[in-house]
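A.B. asks: Can you read through this structure? Questions will come right after.
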Amino acid sequence: MQQQQKEKKLKFFINDDIDILIEILKRLDGRSLCVAACVCRLWRTLARNDSLWEELCFRHVSSPPPSSVRPVVLALGGYKRLYMVCLRPVLSRLGLAELTSHRVKRTWTRDELQLSLSLFCVHYYERLGAAAAAGDTDRSLGECDASTSSLMFLCKPVNV
Amino acid sequence: MKREHSQLDPPPPPPPPPSCVAGPSGKGKMWEEEQTDGGMDELLAVLGYNVRSSDMVEVAQKIEQLEEAMGAFQADGINHLASDTVHYDPSNLCTWLESMLTEFNPTMPAGLGLDPVPAPSVFDESSFIAPAESSTITSLDFSHQRVLEEPSTSDYDLKAIPGKAMYGANNSQNSSNNYLSLSSASASSLSSSTTTRENKRLKTSEFYPPESTRPIVLADSQENGIRLVHALMACAEAVQQNNLTLAEAFVKQIRFLAVSQAGAMGKVATHFAEALARRIYGLYPQSPIDHSFSELLEMQFYETCPYLKFAHFTANQAILEAFDGKRRVHVIDFSMNQGMQWPALMQALALRPGGPPAFRLTGIGPPAADNTDQLQQVGWKLAQLAESIHVEFEYRGFVANSLADLDASMLEIKPSEVDSVAVNSVFELHKLLAQPGAIDKVLSVVKNIKPDIFTVAEQEANHNGPVFLDRFTESLHYYSTMFDSLEGSVNSPENHKAMTEAYMGNQICNVVACEGADRVERHETLAQWRTRFSSAGFIPAHIGSNAYKQASMLLALFAGGDGYKVEENNGCLTLGWYTRPLIATSAWKLAAKR
């Protein structure tokens, strides 16, 4: 009896093995990754790692992206932001969203990604304008409201 | 447009002969038939009625019979029909009509031809749309801003007016997709006297033979819409004939009717009424609208509908392809505004294989009203962006009242071995047509610049004809379509939509109310621009399929915008709403390159 309890204490706990945890998180879809970020502080820190989101963005794209892409995306706000603000709404609007409830995972191509990237760039530019208008050019752009008007057409329509 | 119907006890015993039944009080219930691709009728689906297009003829027949039956009785109102009729299944329009018919007149066999029933003067409100002799009823559907054509068999006095060319003859057998406009003949008959109504009443009392294959077209339940269009056309006709007192009367009528119309038609009519009023009273805007305010409106237009985005994305794609392999590039933008076009191009250049070129941008814009240097601020923002994405960037802003004031030498064009140049103009060239000689000067300046590519985006409409009435009709159709497409956009907050509508309203005012140098919204069609560019020495550069794909994808993102269609037109791309092209992007290069 006591030995069984001791064995229970030696059970595997995922948070002890961050590398495995990262490997698992790398394979999640967007929604699950967001959910994972709500589990505990460690998971939240890990899920915020932009490289996970980079993996997610390019997962279905056939060929690996050129090396020039990453600095541009990072400059514009990072892959997580790209996914949340542009890629996800674009995919859902185009009907390509991953539907985990139905266990159906659709894929997207480079074209959707490129369009999202263009829209992301316009969005960044607008945030620049908003920051300048607010007179606070030193303020980190990450704090600006993510839903600037140029992307409003991607927002879900409100059911009136 | 809502219709009320309530449930009653099923199935009703045939009511006593409806001697107490009224004639149609005001709302002849009619719907428009619309040709679909098969499956459900799309217009009726919008109203919540699922009717298969195969059933449509039957439905239409029944409606016609109902109409006849309604006309047969002189009593005060058949409103009770709306409330008393049993309606089991809103998606089954056919049986509902049948039930109405049987209630109305139990002896009337549904589905068969009827004896002719004279429709007397009860057809007051519906006089404009009541069927005459013909096989189709002209009608207007204001949810889609289309007016349907009646074949020539009728002597109903709505005929086609000039402007049909914009729609290309679409004479399908059903005639349901035909676009019709109202003839000057009818307009003049309207303007001639108030007894026109009487004339129409008499007309409607004529017999029309039911035919089984007759396509029926039915109007929006509010005939006010039809009267509205009639009034607009009549007013324009009156203005054309310089009969200003009559025109004034019509403007009042238009305003009154426009208020009753919900949706796009009401808004369009209000704007046109204001524009007509301005024309009648000579209230041309003395000075151009404050530019910063109009820029704000344009920003809202950019955000709410895809037209500007489409123009930017397609032009960018053409420029990107022209800049392939070049190490230093220079873009001259005739339509700088807020510079919303360039972030996407810069990002695409940054990510192109081989790395970004050195990017130089020259922006040209009008002077700002408050003396702030708008162009410089835009340039600063773009420089910030360029720095973030590591693109070597250089910017120069030019303030010019008109593009014709420019000279190639001012722009510091470097020789072509050094810089590859592109010239871009979005919705700017048509303004030059207001000043004689300006467009030729600008085109020669562009030629002197020797660009690798010259991208032009313009409205696809002919609002520059010599005859006012033609311009009026064209713009009525064009802006009705634009407002229509706006109605579909569900995502924008109301104030954004309102500003977009104001943006278009300003254009409407300009087209209708202004003349001479003031009238800057001189839109011309792609064909007209093609002729102009060809005679100036440009040859078309085909916009590739990448642009088409990207544009289609972009449009798919606009919720509620199933109507947006990208089409390829001899190497140019057009964006339209359903079958009506609204914006056209084209690319040009010099005929003889060095």
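Ordering of the structure tokens sets the chain letters (A, B, ...), residue numbers begin anew at 1 in every chain, and ligands are numbered from 1 in the order given.
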Excluding A:Asp111 and residues on its chain fewer than 6 positions from it, collect all residues at most 9 Å away from it, counting only C-alpha atoms, and give them as a list of chain:residue names.

C.D. replies: B:Lys549, B:Gln550, B:Met553

A.B. asks: Mind dumping a table of every chain A residue within 8 Å of chain B, with the nearest atom pair and its distance in Å to one decimal, using only C-alpha atoms, sorted by chain and rising number, as a Markdown table?

C.D. replies:
| residue | atom | partner | partner_atom | distance |
| --- | --- | --- | --- | --- |
| A:Pro66 | CA | B:Pro353 | CA | 7.9 |
| A:Ser68 | CA | B:Leu351 | CA | 6.0 |
| A:Val69 | CA | B:Leu351 | CA | 6.1 |
| A:Pro71 | CA | B:Ile389 | CA | 7.1 |
| A:Val72 | CA | B:Ile389 | CA | 4.9 |
| A:Ala75 | CA | B:Ser388 | CA | 5.4 |
| A:Leu76 | CA | B:Ser388 | CA | 7.2 |
| A:Val90 | CA | B:Leu557 | CA | 6.5 |
| A:Arg93 | CA | B:Leu557 | CA | 5.6 |
| A:Leu94 | CA | B:Leu557 | CA | 6.4 |
| A:Asp111 | CA | B:Gln550 | CA | 7.4 |
| A:Glu112 | CA | B:Met553 | CA | 7.8 |
| A:Leu115 | CA | B:Gln550 | CA | 7.0 |
| A:Ser118 | CA | B:Ala344 | CA | 5.0 |
| A:Leu119 | CA | B:Ala344 | CA | 7.2 |
| A:Cys121 | CA | B:Pro343 | CA | 6.0 |
| A:Val122 | CA | B:Pro343 | CA | 5.7 |
| A:Tyr125 | CA | B:Leu385 | CA | 6.6 |
| A:Leu128 | CA | B:Lys381 | CA | 6.6 |
| A:Gly129 | CA | B:Lys381 | CA | 6.8 |
| A:Ser149 | CA | B:Glu303 | CA | 6.2 |
| A:Ser150 | CA | B:Glu303 | CA | 5.2 |
| A:Leu151 | CA | B:Glu303 | CA | 7.5 |
| A:Met152 | CA | B:Asn491 | CA | 6.8 |
| A:Phe153 | CA | B:Asn491 | CA | 5.8 |
| A:Leu154 | CA | B:Leu557 | CA | 6.6 |
| A:Cys155 | CA | B:Asn491 | CA | 6.7 |
| A:Lys156 | CA | B:Asn491 | CA | 7.0 |
| A:Pro157 | CA | B:Asn491 | CA | 5.0 |
| A:Val158 | CA | B:Asn491 | CA | 7.2 |

A.B. asks: Give the strand (DSSP E) residues of stretch 218-363 of chain B, as DSSP finds them on the backbone, and put them as number ranges by chain.

C.D. replies: B: 328-333, 358-363

A.B. asks: For those residues, write N, CA and C atoms to a file as a short mmCIF file (atom, residue, chain, number, x, y, z; two decimals), in the first residue's frame.

C.D. replies:
data_model
loop_
_atom_site.label_atom_id
_atom_site.label_comp_id
_atom_site.auth_asym_id
_atom_site.auth_seq_id
_atom_site.Cartn_x
_atom_site.Cartn_y
_atom_site.Cartn_z
N ARG B 328 16.64 48.99 -58.16
CA ARG B 328 16.18 50.27 -57.63
C ARG B 328 14.85 50.60 -58.30
N VAL B 329 13.89 50.93 -57.50
CA VAL B 329 12.57 51.20 -58.08
C VAL B 329 12.05 52.54 -57.59
N HIS B 330 11.22 53.14 -58.43
CA HIS B 330 10.68 54.45 -58.10
C HIS B 330 9.20 54.44 -58.47
N VAL B 331 8.36 54.73 -57.51
CA VAL B 331 6.92 54.77 -57.78
C VAL B 331 6.45 56.22 -57.66
N ILE B 332 5.71 56.66 -58.66
CA ILE B 332 5.12 57.99 -58.61
C ILE B 332 3.62 57.81 -58.44
N ASP B 333 3.11 58.32 -57.35
CA ASP B 333 1.70 58.08 -57.04
C ASP B 333 0.91 59.37 -57.22
N ALA B 358 15.84 49.01 -53.58
CA ALA B 358 15.76 50.33 -52.97
C ALA B 358 14.49 50.98 -53.49
N PHE B 359 13.65 51.41 -52.59
CA PHE B 359 12.30 51.84 -52.95
C PHE B 359 12.18 53.34 -52.78
N ARG B 360 11.84 53.99 -53.86
CA ARG B 360 11.68 55.44 -53.81
C ARG B 360 10.24 55.77 -54.15
N LEU B 361 9.64 56.65 -53.38
CA LEU B 361 8.23 56.95 -53.59
C LEU B 361 8.06 58.46 -53.73
N THR B 362 7.36 58.86 -54.76
CA THR B 362 7.02 60.28 -54.92
C THR B 362 5.51 60.38 -54.84
N GLY B 363 5.05 61.10 -53.85
CA GLY B 363 3.61 61.21 -53.68
C GLY B 363 3.12 62.59 -54.09
#

A.B. asks: Please identify all polymer residues within 8 Å of A:Trp53, counting only C-alpha atoms, omitting same-chain residues fewer than 6 positions from it, and present them as a list in words.

C.D. replies: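 The filter keeps Lys26, Tyr79, Lys80 and Tyr83 of chain A.
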
A.B. asks: Give me, as a VMD selection string, all polymer residues having an atom no more than 7 Å from stretch 472-475 of chain B, counting only C-alpha atoms and skipping those fewer than 6 positions away in the same chain.

C.D. replies: chain B and resid 163 236 462 to 463 512

A.B. asks: Have a look at atom CA of A:Asp19 and atom CA of A:Arg88 and let me know their distance in Å, one decimal.

C.D. replies: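 Distance between the two atoms: 26.7 Å.
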
A.B. asks: If we count only C-alpha atoms, what is near A:Leu52 at a cut-off of 9 Å, once residues fewer than 3 positions away on the same chain are taken out, given as a ChimeraX atom specification?

C.D. replies: /A:22,25-27,33,46-49,55-57,79-80

A.B. asks: At what distance in Å, to one decimal, does atom CA of B:Asn448 lie from atom CA of B:Ser420?

C.D. replies: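 These atoms are spaced 13.6 Å apart.
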
A.B. asks: Enumerate as number ranges by chain all residues of stretch 37-67 of chain A assigned to helix (DSSP H, G or I) by DSSP on the backbone, naming them with the chain letters and numbers the document uses.

C.D. replies: A: 41-47, 50-58
